[in-house]
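Next comes entry12.txt, a file with compact mmCIF, C-alpha atoms and all ligand atoms.
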```
# COMPACT_ATOMS: atom_id res chain seq x y z
CA MET A 3 -21.71 -12.19 5.05
CA ILE A 4 -18.81 -10.73 3.08
CA GLY A 5 -17.37 -7.23 2.92
CA LYS A 6 -17.75 -5.06 -0.18
CA ILE A 7 -15.75 -1.94 -0.89
CA THR A 8 -18.37 0.80 -1.29
CA GLY A 9 -16.19 3.91 -1.27
CA THR A 10 -12.59 5.05 -1.69
CA GLY A 11 -10.62 8.17 -0.80
CA SER A 12 -7.06 9.40 -0.67
CA CYS A 13 -4.87 12.30 0.36
CA VAL A 14 -1.29 13.17 -0.54
CA PRO A 15 0.92 16.05 0.60
CA GLU A 16 0.93 19.16 -1.56
CA ARG A 17 4.69 19.28 -1.94
CA ILE A 18 6.01 17.38 -4.96
CA VAL A 19 9.67 16.37 -5.11
CA GLU A 20 10.94 15.61 -8.61
CA ASN A 21 13.82 13.20 -9.27
CA GLN A 22 15.97 16.16 -10.34
CA GLU A 23 15.64 17.68 -6.87
CA ILE A 24 16.87 14.47 -5.21
CA ALA A 25 19.80 14.46 -7.63
CA LYS A 26 20.92 17.71 -5.95
CA TRP A 27 21.06 15.99 -2.54
CA VAL A 28 22.68 12.63 -3.37
CA GLU A 29 24.76 11.23 -6.22
CA THR A 30 22.02 9.99 -8.53
CA SER A 31 20.19 11.10 -11.66
CA ASP A 32 16.66 11.36 -12.98
CA ALA A 33 17.62 8.82 -15.67
CA TRP A 34 18.88 6.25 -13.11
CA ILE A 35 15.79 6.57 -10.91
CA ARG A 36 13.40 6.32 -13.90
CA GLU A 37 15.17 3.35 -15.38
CA ARG A 38 15.71 1.33 -12.17
CA THR A 39 12.39 2.14 -10.44
CA GLY A 40 9.94 3.91 -12.78
CA VAL A 41 9.47 6.70 -10.22
CA LEU A 42 9.35 10.25 -11.63
CA ARG A 43 8.25 12.21 -8.56
CA ARG A 44 6.76 11.75 -5.10
CA HIS A 45 4.72 13.78 -2.61
CA ILE A 46 6.57 14.65 0.60
CA ALA A 47 4.90 15.87 3.78
CA ASP A 48 5.49 19.49 4.70
CA GLY A 49 3.17 20.01 7.63
CA GLU A 50 0.87 17.08 6.80
CA THR A 51 1.07 14.08 9.17
CA THR A 52 0.09 10.43 8.98
CA VAL A 53 -2.97 11.23 11.12
CA SER A 54 -4.03 14.30 9.13
CA MET A 55 -3.72 12.53 5.76
CA ALA A 56 -5.47 9.40 7.07
CA ALA A 57 -8.39 11.48 8.37
CA ILE A 58 -8.82 13.34 5.07
CA ALA A 59 -8.63 10.09 3.06
CA ALA A 60 -11.20 8.55 5.45
CA LYS A 61 -13.62 11.49 5.07
CA ARG A 62 -13.33 11.28 1.27
CA ALA A 63 -13.98 7.51 1.31
CA LEU A 64 -17.04 7.95 3.58
CA ASN A 65 -18.35 10.67 1.33
CA ASN A 66 -17.80 8.49 -1.73
CA ALA A 67 -19.65 5.57 -0.07
CA GLY A 68 -22.46 7.78 1.25
CA VAL A 69 -21.81 6.45 4.76
CA ASP A 70 -21.86 8.60 7.90
CA ALA A 71 -18.78 8.30 10.17
CA LYS A 72 -21.11 7.40 13.04
CA GLU A 73 -22.12 4.20 11.22
CA ILE A 74 -18.54 2.87 11.23
CA ASP A 75 -18.00 0.10 13.79
CA LEU A 76 -14.39 -0.87 12.97
CA LEU A 77 -11.53 1.43 11.94
CA ILE A 78 -8.07 0.02 11.20
CA VAL A 79 -5.08 2.09 10.15
CA ALA A 80 -2.18 0.23 8.55
CA THR A 81 0.96 2.25 9.15
CA LEU A 82 4.61 2.01 10.15
CA SER A 83 5.34 5.71 10.15
CA SER A 84 2.87 7.54 12.33
CA ASN A 85 3.50 10.79 14.13
CA ILE A 86 1.89 9.23 17.21
CA ILE A 87 2.27 5.87 18.96
CA VAL A 88 -0.22 6.21 21.83
CA PRO A 89 -3.08 6.72 21.31
CA SER A 90 -3.15 4.74 18.10
CA THR A 91 -3.33 6.52 14.77
CA ALA A 92 -6.75 4.89 14.34
CA CYS A 93 -8.03 6.48 17.59
CA GLU A 94 -6.71 9.87 16.45
CA VAL A 95 -8.53 9.45 13.13
CA GLN A 96 -11.68 8.41 15.00
CA LYS A 97 -11.50 11.69 16.94
CA GLU A 98 -10.97 13.75 13.78
CA ILE A 99 -13.84 12.22 11.83
CA HIS A 100 -16.23 11.58 14.76
CA ALA A 101 -16.52 7.83 14.17
CA GLU A 102 -17.71 7.46 17.74
CA ARG A 103 -18.99 3.87 17.58
CA ALA A 104 -15.87 2.43 15.95
CA VAL A 105 -13.40 0.04 17.54
CA CYS A 106 -10.02 1.43 16.49
CA PHE A 107 -6.54 -0.02 16.23
CA ASP A 108 -3.39 0.13 14.12
CA LEU A 109 -1.78 -2.67 12.21
CA ASN A 110 1.87 -2.80 11.17
CA ALA A 111 2.78 -5.24 8.44
CA ALA A 112 5.02 -2.77 6.57
CA CYS A 113 4.12 -2.52 2.88
CA THR A 114 1.67 -5.44 3.24
CA GLY A 115 -0.20 -3.52 5.95
CA PHE A 116 -3.22 -2.46 3.92
CA LEU A 117 -3.77 -5.98 2.56
CA PHE A 118 -3.54 -7.52 6.05
CA ALA A 119 -5.90 -4.84 7.44
CA TYR A 120 -8.39 -5.41 4.61
CA ASN A 121 -8.27 -9.18 5.27
CA THR A 122 -8.76 -8.56 9.00
CA VAL A 123 -11.90 -6.55 8.26
CA GLN A 124 -13.20 -9.35 6.04
CA ALA A 125 -12.63 -11.83 8.89
CA TYR A 126 -14.49 -9.58 11.36
CA ILE A 127 -17.38 -9.23 8.92
CA SER A 128 -17.66 -12.96 8.25
CA ALA A 129 -17.58 -13.58 12.03
CA GLY A 130 -20.52 -11.17 12.40
CA MET A 131 -18.39 -8.79 14.50
CA CYS A 132 -18.76 -5.71 12.32
CA GLU A 133 -20.94 -4.27 9.55
CA LYS A 134 -19.27 -1.11 8.33
CA ALA A 135 -15.53 -0.60 8.46
CA LEU A 136 -12.89 1.86 7.39
CA VAL A 137 -9.54 0.46 6.26
CA ILE A 138 -6.83 3.05 5.89
CA GLY A 139 -3.19 2.86 4.78
CA ALA A 140 -1.25 5.99 5.73
CA GLU A 141 2.46 6.78 5.77
CA THR A 142 4.93 9.59 6.26
CA LEU A 143 7.97 7.61 5.19
CA SER A 144 9.92 10.82 4.58
CA ASP A 145 10.34 11.08 8.37
CA MET A 146 12.10 7.69 8.41
CA THR A 147 14.18 8.21 5.29
CA ASP A 148 17.89 8.94 5.36
CA TRP A 149 18.04 11.68 2.76
CA THR A 150 21.78 11.06 2.33
CA ASP A 151 21.26 7.37 1.40
CA ARG A 152 20.69 7.14 -2.35
CA SER A 153 19.75 3.45 -2.17
CA THR A 154 16.52 4.26 -0.29
CA CYS A 155 15.68 7.98 -0.55
CA ILE A 156 14.87 7.77 -4.26
CA LEU A 157 12.11 5.24 -3.66
CA PHE A 158 9.71 6.43 -1.00
CA GLY A 159 6.81 8.88 -0.80
CA ASP A 160 4.09 9.97 1.62
CA GLY A 161 0.30 9.67 1.42
CA ALA A 162 -2.86 7.94 2.58
CA GLY A 163 -5.65 5.91 1.04
CA ALA A 164 -8.87 4.62 2.57
CA VAL A 165 -11.73 2.30 1.71
CA VAL A 166 -15.15 1.79 3.26
CA VAL A 167 -16.09 -1.89 3.52
CA GLU A 168 -19.74 -2.81 4.15
CA ALA A 169 -21.19 -6.22 5.02
CA GLY A 170 -23.57 -7.75 2.50
CA GLU A 171 -24.51 -10.92 0.68
CA GLY A 172 -22.07 -12.20 -1.94
CA ASP A 173 -19.58 -14.84 -2.94
CA PHE A 174 -16.75 -15.41 -0.52
CA TYR A 175 -13.33 -15.06 -2.07
CA PRO A 176 -10.09 -16.36 -0.56
CA MET A 177 -7.38 -14.34 1.12
CA ILE A 178 -3.83 -15.56 1.65
CA MET A 179 -1.23 -14.10 4.00
CA HIS A 180 2.39 -15.06 4.75
CA SER A 181 5.17 -13.80 7.03
CA ASN A 182 8.84 -14.76 7.32
CA GLY A 183 10.54 -13.06 10.26
CA LYS A 184 13.84 -14.80 9.50
CA LYS A 185 14.28 -12.41 6.58
CA GLY A 186 13.53 -9.28 8.61
CA HIS A 187 17.06 -7.96 8.04
CA ALA A 188 16.25 -7.31 4.36
CA LEU A 189 14.15 -4.25 5.21
CA PHE A 190 14.11 -2.76 8.67
CA CYS A 191 14.01 0.36 10.78
CA ARG A 192 14.72 0.33 14.50
CA SER A 193 12.59 2.46 16.76
CA SER A 194 13.81 6.02 17.27
CA LEU A 195 12.74 5.85 20.93
CA GLY A 196 16.40 5.64 21.93
CA LYS A 197 18.80 8.57 21.66
CA GLN A 198 19.78 7.84 18.08
CA ARG A 199 17.68 8.83 15.07
CA GLU A 200 16.93 5.66 13.07
CA TYR A 201 16.18 5.32 9.35
CA ILE A 202 14.86 2.69 6.95
CA GLN A 203 17.60 0.30 5.82
CA MET A 204 17.10 -2.05 2.93
CA ASP A 205 18.89 -4.72 0.97
CA GLY A 206 17.19 -3.65 -2.26
CA GLN A 207 18.28 -6.64 -4.32
CA GLU A 208 17.12 -9.16 -1.72
CA VAL A 209 13.70 -7.48 -1.45
CA PHE A 210 13.52 -7.27 -5.23
CA LYS A 211 14.23 -11.00 -5.67
CA PHE A 212 11.75 -11.88 -2.91
CA ALA A 213 9.03 -9.78 -4.56
CA VAL A 214 9.43 -11.14 -8.09
CA ARG A 215 9.34 -14.71 -6.77
CA LYS A 216 6.72 -14.52 -4.04
CA VAL A 217 4.15 -12.16 -5.59
CA PRO A 218 3.37 -14.35 -8.64
CA GLU A 219 3.46 -17.40 -6.34
CA VAL A 220 0.91 -16.00 -3.87
CA ILE A 221 -1.31 -14.72 -6.70
CA SER A 222 -1.30 -18.20 -8.25
CA GLU A 223 -2.08 -19.65 -4.81
CA VAL A 224 -5.08 -17.35 -4.24
CA LEU A 225 -6.38 -17.94 -7.78
CA ARG A 226 -6.16 -21.73 -7.35
CA SER A 227 -8.02 -21.42 -4.08
CA ALA A 228 -10.74 -19.30 -5.78
CA GLN A 229 -10.85 -21.73 -8.74
CA LEU A 230 -10.07 -18.85 -11.09
CA THR A 231 -7.39 -18.35 -13.72
CA VAL A 232 -5.28 -15.30 -14.53
CA ASN A 233 -7.61 -14.58 -17.47
CA ASP A 234 -10.63 -14.26 -15.16
CA ILE A 235 -9.05 -11.23 -13.45
CA ASP A 236 -9.79 -7.70 -14.62
CA PHE A 237 -7.10 -5.96 -12.57
CA PHE A 238 -4.18 -6.99 -10.38
CA VAL A 239 -3.72 -4.16 -7.89
CA LEU A 240 -0.19 -4.59 -6.54
CA HIS A 241 1.76 -2.74 -3.91
CA GLN A 242 3.58 -0.02 -5.84
CA ALA A 243 7.28 -0.58 -5.13
CA ASN A 244 9.11 -0.65 -8.44
CA GLN A 245 8.02 -0.70 -12.10
CA ARG A 246 10.45 -3.55 -12.80
CA ILE A 247 8.77 -5.68 -10.11
CA VAL A 248 5.38 -5.08 -11.75
CA GLN A 249 6.82 -5.97 -15.19
CA ALA A 250 8.40 -9.15 -13.80
CA VAL A 251 5.11 -10.18 -12.15
CA ALA A 252 3.23 -9.59 -15.42
CA LYS A 253 5.75 -11.76 -17.26
CA ARG A 254 5.60 -14.60 -14.73
CA LEU A 255 1.78 -14.54 -14.69
CA LYS A 256 1.79 -14.34 -18.51
CA THR A 257 -0.61 -11.41 -18.47
CA GLU A 258 -0.61 -8.02 -20.20
CA ILE A 259 0.89 -5.17 -18.22
CA SER A 260 -2.33 -3.16 -18.81
CA ARG A 261 -4.07 -5.42 -16.29
CA ILE A 262 -1.53 -4.44 -13.61
CA PRO A 263 -2.12 -0.69 -13.24
CA MET A 264 0.62 1.52 -11.83
CA ASN A 265 0.80 4.97 -10.28
CA LEU A 266 4.21 4.69 -8.63
CA MET A 267 5.55 7.14 -11.22
CA GLU A 268 3.69 9.94 -9.41
CA TYR A 269 3.91 8.79 -5.78
CA GLY A 270 6.93 6.51 -5.36
CA ASN A 271 6.59 3.67 -2.87
CA THR A 272 4.10 4.78 -0.19
CA SER A 273 4.17 1.44 1.67
CA SER A 274 0.75 0.60 3.16
CA ALA A 275 -0.87 3.58 1.40
CA SER A 276 -0.02 2.41 -2.11
CA ILE A 277 -2.84 -0.10 -2.73
CA PRO A 278 -5.71 2.14 -1.46
CA LEU A 279 -4.21 5.14 -3.30
CA LEU A 280 -4.28 3.16 -6.53
CA LEU A 281 -7.76 1.77 -5.86
CA ASP A 282 -9.03 5.32 -5.34
CA GLU A 283 -7.41 6.51 -8.57
CA LEU A 284 -8.90 3.58 -10.56
CA HIS A 285 -12.33 4.00 -8.95
CA ARG A 286 -12.54 7.76 -9.42
CA GLY A 287 -11.18 7.45 -12.95
CA GLY A 288 -14.10 5.14 -13.80
CA ARG A 289 -11.85 2.17 -14.58
CA LEU A 290 -13.39 -0.10 -11.93
CA LYS A 291 -16.85 -1.42 -12.80
CA ARG A 292 -19.20 -3.33 -10.55
CA GLY A 293 -18.84 -7.08 -11.07
CA GLN A 294 -15.17 -6.98 -12.08
CA ILE A 295 -12.87 -9.46 -10.34
CA ILE A 296 -9.78 -7.92 -8.80
CA VAL A 297 -6.72 -9.33 -7.09
CA LEU A 298 -4.95 -7.27 -4.44
CA ALA A 299 -1.35 -8.26 -3.68
CA GLY A 300 1.00 -6.80 -1.09
CA PHE A 301 4.61 -7.49 -0.13
CA GLY A 302 7.36 -5.94 1.93
CA GLY A 303 9.09 -5.78 5.29
CA GLY A 304 8.71 -8.66 7.69
CA LEU A 305 9.13 -10.15 5.25
CA SER A 306 5.40 -10.30 4.63
CA TRP A 307 3.25 -10.92 1.58
CA GLY A 308 -0.26 -11.90 0.60
CA ALA A 309 -3.10 -11.66 -1.90
CA SER A 310 -6.89 -11.40 -1.91
CA VAL A 311 -9.54 -11.82 -4.56
CA LEU A 312 -12.57 -9.55 -4.52
CA LYS A 313 -15.55 -8.72 -6.67
CA TRP A 314 -15.85 -4.95 -7.19
O1 LIG A 401 7.99 -1.84 -0.56
C1 LIG A 401 8.73 -3.03 -0.61
C2 LIG A 401 10.13 -2.74 -0.32
N1 LIG A 401 11.00 -2.27 -1.32
C3 LIG A 401 11.16 -2.76 -2.56
O2 LIG A 401 10.37 -3.45 -3.12
C4 LIG A 401 12.44 -2.38 -3.22
C5 LIG A 401 12.99 -3.51 -4.05
N2 LIG A 401 14.29 -3.17 -4.64
C6 LIG A 401 14.42 -2.26 -5.61
O3 LIG A 401 13.47 -1.64 -6.04
C7 LIG A 401 15.80 -2.09 -6.21
O4 LIG A 401 16.67 -3.06 -5.67
C8 LIG A 401 16.40 -0.67 -5.99
C9 LIG A 401 15.64 0.34 -6.83
C10 LIG A 401 16.36 -0.28 -4.53
C11 LIG A 401 17.86 -0.64 -6.44
O5 LIG A 401 17.94 -1.03 -7.80
P1 LIG A 401 18.96 -2.16 -8.27
O6 LIG A 401 18.82 -2.29 -9.71
O7 LIG A 401 18.73 -3.37 -7.42
O8 LIG A 401 20.35 -1.49 -7.95
P2 LIG A 401 21.55 -2.09 -7.09
O9 LIG A 401 21.30 -1.92 -5.65
O10 LIG A 401 21.92 -3.44 -7.63
O11 LIG A 401 22.71 -1.10 -7.50
C12 LIG A 401 23.26 -1.10 -8.84
C13 LIG A 401 24.28 0.01 -8.93
C14 LIG A 401 25.30 0.01 -7.80
O12 LIG A 401 26.53 0.46 -8.32
P3 LIG A 401 27.70 -0.59 -8.72
O13 LIG A 401 28.00 -1.36 -7.48
O14 LIG A 401 27.11 -1.44 -9.83
O15 LIG A 401 28.80 0.31 -9.17
C15 LIG A 401 24.78 1.03 -6.83
O16 LIG A 401 25.78 1.61 -6.07
O17 LIG A 401 23.62 1.28 -8.85
C16 LIG A 401 24.17 2.05 -7.78
N3 LIG A 401 23.09 2.82 -7.20
C17 LIG A 401 22.71 4.00 -7.67
N4 LIG A 401 23.17 4.76 -8.67
C18 LIG A 401 22.57 5.93 -8.91
C19 LIG A 401 22.27 2.47 -6.15
N5 LIG A 401 21.38 3.45 -5.94
C20 LIG A 401 21.63 4.42 -6.85
C21 LIG A 401 21.04 5.65 -7.15
N6 LIG A 401 21.54 6.38 -8.18
N7 LIG A 401 19.99 6.14 -6.44
```
Since I need it in another form, could you write the structure as structure tokens?
Amino acid sequence: MIGKITGTGSCVPERIVENQEIAKWVETSDAWIRERTGVLRRHIADGETTVSMAAIAAKRALNNAGVDAKEIDLLIVATLSSNIIVPSTACEVQKEIHAERAVCFDLNAACTGFLFAYNTVQAYISAGMCEKALVIGAETLSDMTDWTDRSTCILFGDGAGAVVVEAGEGDFYPMIMHSNGKKGHALFCRSSLGKQREYIQMDGQEVFKFAVRKVPEVISEVLRSAQLTVNDIDFFVLHQANQRIVQAVAKRLKTEISRIPMNLMEYGNTSSASIPLLLDELHRGGRLKRGQIIVLAGFGGGLSWGASVLKW
């Protein structure tokens, strides 16, 4: 058995923050942010929480798949920025959407979280341990952002995306995952459980160099393992971190940029929410067609990175 994505959904906060607004808070400019990142605006929570956005995205994905919440037997939320630690965000979503039969837990692999959660669901399905799952990526990074630090606050946004994965017959495609804890210093945030408020800290250049090297490498690795070539792939759905990273990956893979869709202009970097947000946009926009071969690729804090091939 393999898992097939049968529905997608997403939810972003109503409040939109344009680059020009950030330029009033820190020494930066719309031109610098556009040129160095590609981001034009992002959605920032104003009342919405990681749990509330995750639950709405989940309901929309269930509706899109035509699956009742009570049929879900596994629910994983990938997040690093929840408003609640115990119970898990996944259990809170379960309560909201009445997915009473589901086993629920959270997974933190930073910006690679959705990919790792999706791969985990595939492993559960192939082991016969689940039939219908919800995989959600949800973040409120604005709560962990130092809004006086121009090297990070220009990048991030809030939101949630969800997919329903159902067991069925089909070709098995490979999944590859990597972690390197020795490079954790490149992107970290200590827990705010102590007295001091903690914020995301990043060595942007180190993460940038890691991404442009490792993402093409892991995509090539997963394609080799699937006995496919770059030209067999309809879309490469990458974590949305920076337009220049996407362009560099396209160049290294020798593929047209049109096969690596982007929506980071509108949402910024939403960490584990970025891949399911983009999948939902592509699906609802009619760009994904059944039978297409897609590569998902994530990368970020940990450091962590990975890629999966799937047939839509
Ligand atoms: O989700 C995965 C995790 N994150 C990422 O993938 C992020 C990867 N890294 C990046 O996207 C980029 O490194 C950034 C967008 C964060 C930064 O872009 P950069 O081209 O690497 O800039 P830089 O850090 O090398 O800084 C270049 C210059 C510096 O000035 P000097 O030293 O050349 O005078 C910075 O002080 O730009 C300055 N700078 C800014 N200027 C205006 C840094 N941030 C800003 C800013 N506005 N917001």
Taking a cut-off of 9 Å and counting only C-alpha atoms and all ligand atoms, can you build a table that, for each residue of chain A near ligand LIG 401 (chain A), reports the nearest atom pair and how far apart they are in Å (one decimal), sorted by chain then residue number, as JSON lines?
```
{"residue": "A:Ile24", "atom": "CA", "partner": "A:LIG401", "partner_atom": "N7", "distance": 9.0}
{"residue": "A:Ala25", "atom": "CA", "partner": "A:LIG401", "partner_atom": "N6", "distance": 8.3}
{"residue": "A:Val28", "atom": "CA", "partner": "A:LIG401", "partner_atom": "N7", "distance": 7.7}
{"residue": "A:Glu29", "atom": "CA", "partner": "A:LIG401", "partner_atom": "N6", "distance": 6.1}
{"residue": "A:Thr30", "atom": "CA", "partner": "A:LIG401", "partner_atom": "N6", "distance": 3.7}
{"residue": "A:Ser31", "atom": "CA", "partner": "A:LIG401", "partner_atom": "N6", "distance": 6.0}
{"residue": "A:Asp32", "atom": "CA", "partner": "A:LIG401", "partner_atom": "N6", "distance": 8.5}
{"residue": "A:Ala33", "atom": "CA", "partner": "A:LIG401", "partner_atom": "N6", "distance": 8.8}
{"residue": "A:Trp34", "atom": "CA", "partner": "A:LIG401", "partner_atom": "C18", "distance": 5.6}
{"residue": "A:Ile35", "atom": "CA", "partner": "A:LIG401", "partner_atom": "N7", "distance": 6.1}
{"residue": "A:Glu37", "atom": "CA", "partner": "A:LIG401", "partner_atom": "O6", "distance": 8.8}
{"residue": "A:Arg38", "atom": "CA", "partner": "A:LIG401", "partner_atom": "O6", "distance": 5.4}
{"residue": "A:Thr39", "atom": "CA", "partner": "A:LIG401", "partner_atom": "C9", "distance": 5.2}
{"residue": "A:Gly40", "atom": "CA", "partner": "A:LIG401", "partner_atom": "C9", "distance": 9.0}
{"residue": "A:Ala112", "atom": "CA", "partner": "A:LIG401", "partner_atom": "O1", "distance": 7.8}
{"residue": "A:Cys113", "atom": "CA", "partner": "A:LIG401", "partner_atom": "O1", "distance": 5.2}
{"residue": "A:Thr114", "atom": "CA", "partner": "A:LIG401", "partner_atom": "O1", "distance": 8.2}
{"residue": "A:Asp151", "atom": "CA", "partner": "A:LIG401", "partner_atom": "N7", "distance": 8.0}
{"residue": "A:Arg152", "atom": "CA", "partner": "A:LIG401", "partner_atom": "N7", "distance": 4.3}
{"residue": "A:Ser153", "atom": "CA", "partner": "A:LIG401", "partner_atom": "N5", "distance": 4.1}
{"residue": "A:Thr154", "atom": "CA", "partner": "A:LIG401", "partner_atom": "C10", "distance": 6.2}
{"residue": "A:Cys155", "atom": "CA", "partner": "A:LIG401", "partner_atom": "N7", "distance": 7.5}
{"residue": "A:Ile156", "atom": "CA", "partner": "A:LIG401", "partner_atom": "N7", "distance": 5.8}
{"residue": "A:Leu157", "atom": "CA", "partner": "A:LIG401", "partner_atom": "C9", "distance": 6.8}
{"residue": "A:Phe158", "atom": "CA", "partner": "A:LIG401", "partner_atom": "O1", "distance": 8.5}
{"residue": "A:Ala188", "atom": "CA", "partner": "A:LIG401", "partner_atom": "C2", "distance": 9.0}
{"residue": "A:Leu189", "atom": "CA", "partner": "A:LIG401", "partner_atom": "C2", "distance": 7.0}
{"residue": "A:Met204", "atom": "CA", "partner": "A:LIG401", "partner_atom": "N1", "distance": 7.4}
{"residue": "A:Asp205", "atom": "CA", "partner": "A:LIG401", "partner_atom": "O4", "distance": 7.2}
{"residue": "A:Gly206", "atom": "CA", "partner": "A:LIG401", "partner_atom": "O4", "distance": 3.5}
{"residue": "A:Gln207", "atom": "CA", "partner": "A:LIG401", "partner_atom": "O4", "distance": 4.2}
{"residue": "A:Glu208", "atom": "CA", "partner": "A:LIG401", "partner_atom": "N2", "distance": 7.2}
{"residue": "A:Val209", "atom": "CA", "partner": "A:LIG401", "partner_atom": "C5", "distance": 4.8}
{"residue": "A:Phe210", "atom": "CA", "partner": "A:LIG401", "partner_atom": "C5", "distance": 4.0}
{"residue": "A:Lys211", "atom": "CA", "partner": "A:LIG401", "partner_atom": "C5", "distance": 7.8}
{"residue": "A:Phe212", "atom": "CA", "partner": "A:LIG401", "partner_atom": "C5", "distance": 8.5}
{"residue": "A:Ala213", "atom": "CA", "partner": "A:LIG401", "partner_atom": "O2", "distance": 6.6}
{"residue": "A:His241", "atom": "CA", "partner": "A:LIG401", "partner_atom": "O1", "distance": 7.1}
{"residue": "A:Gln242", "atom": "CA", "partner": "A:LIG401", "partner_atom": "O1", "distance": 7.1}
{"residue": "A:Ala243", "atom": "CA", "partner": "A:LIG401", "partner_atom": "O2", "distance": 4.7}
{"residue": "A:Asn244", "atom": "CA", "partner": "A:LIG401", "partner_atom": "O3", "distance": 5.1}
{"residue": "A:Gln245", "atom": "CA", "partner": "A:LIG401", "partner_atom": "O3", "distance": 8.2}
{"residue": "A:Arg246", "atom": "CA", "partner": "A:LIG401", "partner_atom": "O3", "distance": 7.6}
{"residue": "A:Ile247", "atom": "CA", "partner": "A:LIG401", "partner_atom": "O3", "distance": 7.4}
{"residue": "A:Asn271", "atom": "CA", "partner": "A:LIG401", "partner_atom": "O1", "distance": 6.1}
{"residue": "A:Thr272", "atom": "CA", "partner": "A:LIG401", "partner_atom": "O1", "distance": 7.7}
{"residue": "A:Ser273", "atom": "CA", "partner": "A:LIG401", "partner_atom": "O1", "distance": 5.5}
{"residue": "A:Ser274", "atom": "CA", "partner": "A:LIG401", "partner_atom": "O1", "distance": 8.5}
{"residue": "A:Gly300", "atom": "CA", "partner": "A:LIG401", "partner_atom": "O1", "distance": 8.6}
{"residue": "A:Phe301", "atom": "CA", "partner": "A:LIG401", "partner_atom": "C1", "distance": 6.1}
{"residue": "A:Gly302", "atom": "CA", "partner": "A:LIG401", "partner_atom": "C1", "distance": 4.1}
{"residue": "A:Gly303", "atom": "CA", "partner": "A:LIG401", "partner_atom": "C2", "distance": 6.5}
```
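The list of residues with at least one atom within 9 Å of range 289-298 of chain A, based on all atoms listed in the file and without residues fewer than 5 positions apart in the same chain, reads Leu117, Ile221, Val224, Leu225, Asp234, Ile235, Asp236, Phe237, Phe238, Val239, Leu240, His241, Ile277, Leu281, Glu283, Leu284, Gly308, Ala309, Ser310, Val311, Leu312, Lys313 and Trp314 of chain A.
CA of Ile127 in chain A is positioned 12.5 Å from CA of Leu77 in chain A.
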Checklist line | Leu143 in chain A environment, 7 Å, all atoms listed in the file, sequence neighbours closer than 3 positions dropped, as an MDAnalysis selection string | finding: chainID A and resid 83 146:147 158:160
List as a PDB file with C-alpha atoms, keeping the file's coordinate frame the residues having at least one atom at most 10 Å from position (-3.9, -1.1, 3.3) as given in the file, counting all atoms listed in the file.
```pdb
ATOM      1  CA  ILE A  78      -8.070   0.020  11.200  1.00  0.00           C
ATOM      2  CA  VAL A  79      -5.080   2.090  10.150  1.00  0.00           C
ATOM      3  CA  ALA A  80      -2.180   0.230   8.550  1.00  0.00           C
ATOM      4  CA  THR A  81       0.960   2.250   9.150  1.00  0.00           C
ATOM      5  CA  LEU A 109      -1.780  -2.670  12.210  1.00  0.00           C
ATOM      6  CA  ASN A 110       1.870  -2.800  11.170  1.00  0.00           C
ATOM      7  CA  ALA A 111       2.780  -5.240   8.440  1.00  0.00           C
ATOM      8  CA  ALA A 112       5.020  -2.770   6.570  1.00  0.00           C
ATOM      9  CA  CYS A 113       4.120  -2.520   2.880  1.00  0.00           C
ATOM     10  CA  THR A 114       1.670  -5.440   3.240  1.00  0.00           C
ATOM     11  CA  GLY A 115      -0.200  -3.520   5.950  1.00  0.00           C
ATOM     12  CA  PHE A 116      -3.220  -2.460   3.920  1.00  0.00           C
ATOM     13  CA  LEU A 117      -3.770  -5.980   2.560  1.00  0.00           C
ATOM     14  CA  PHE A 118      -3.540  -7.520   6.050  1.00  0.00           C
ATOM     15  CA  ALA A 119      -5.900  -4.840   7.440  1.00  0.00           C
ATOM     16  CA  TYR A 120      -8.390  -5.410   4.610  1.00  0.00           C
ATOM     17  CA  ASN A 121      -8.270  -9.180   5.270  1.00  0.00           C
ATOM     18  CA  VAL A 137      -9.540   0.460   6.260  1.00  0.00           C
ATOM     19  CA  ILE A 138      -6.830   3.050   5.890  1.00  0.00           C
ATOM     20  CA  GLY A 139      -3.190   2.860   4.780  1.00  0.00           C
ATOM     21  CA  ALA A 140      -1.250   5.990   5.730  1.00  0.00           C
ATOM     22  CA  ALA A 162      -2.860   7.940   2.580  1.00  0.00           C
ATOM     23  CA  GLY A 163      -5.650   5.910   1.040  1.00  0.00           C
ATOM     24  CA  ALA A 164      -8.870   4.620   2.570  1.00  0.00           C
ATOM     25  CA  VAL A 165     -11.730   2.300   1.710  1.00  0.00           C
ATOM     26  CA  HIS A 241       1.760  -2.740  -3.910  1.00  0.00           C
ATOM     27  CA  SER A 273       4.170   1.440   1.670  1.00  0.00           C
ATOM     28  CA  SER A 274       0.750   0.600   3.160  1.00  0.00           C
ATOM     29  CA  ALA A 275      -0.870   3.580   1.400  1.00  0.00           C
ATOM     30  CA  SER A 276      -0.020   2.410  -2.110  1.00  0.00           C
ATOM     31  CA  ILE A 277      -2.840  -0.100  -2.730  1.00  0.00           C
ATOM     32  CA  PRO A 278      -5.710   2.140  -1.460  1.00  0.00           C
ATOM     33  CA  LEU A 279      -4.210   5.140  -3.300  1.00  0.00           C
ATOM     34  CA  LEU A 298      -4.950  -7.270  -4.440  1.00  0.00           C
ATOM     35  CA  GLY A 300       1.000  -6.800  -1.090  1.00  0.00           C
TER      36      GLY A 300
END
```
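Between Val166 in chain A and the candidates A:Gly68, A:Gly288, A:Gly270, A:Pro15, the tightest atom-to-atom separation, counting only C-alpha atoms, involves A:Gly68.
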Next item on the list: Quick one: residues within 12 Å of (14.7, 3.2, 16.1) (file frame), counting only C-alpha atoms, please, as a PyMOL selection string.
Entry: chain A and resi 82-83+145-147+190-203
Checklist line | Shortest interatomic distance to Ala299 in chain A - which of A:Gly170, A:Gly287, A:Pro218, A:Gly130, counting all atoms listed in the file | finding: A:Pro218
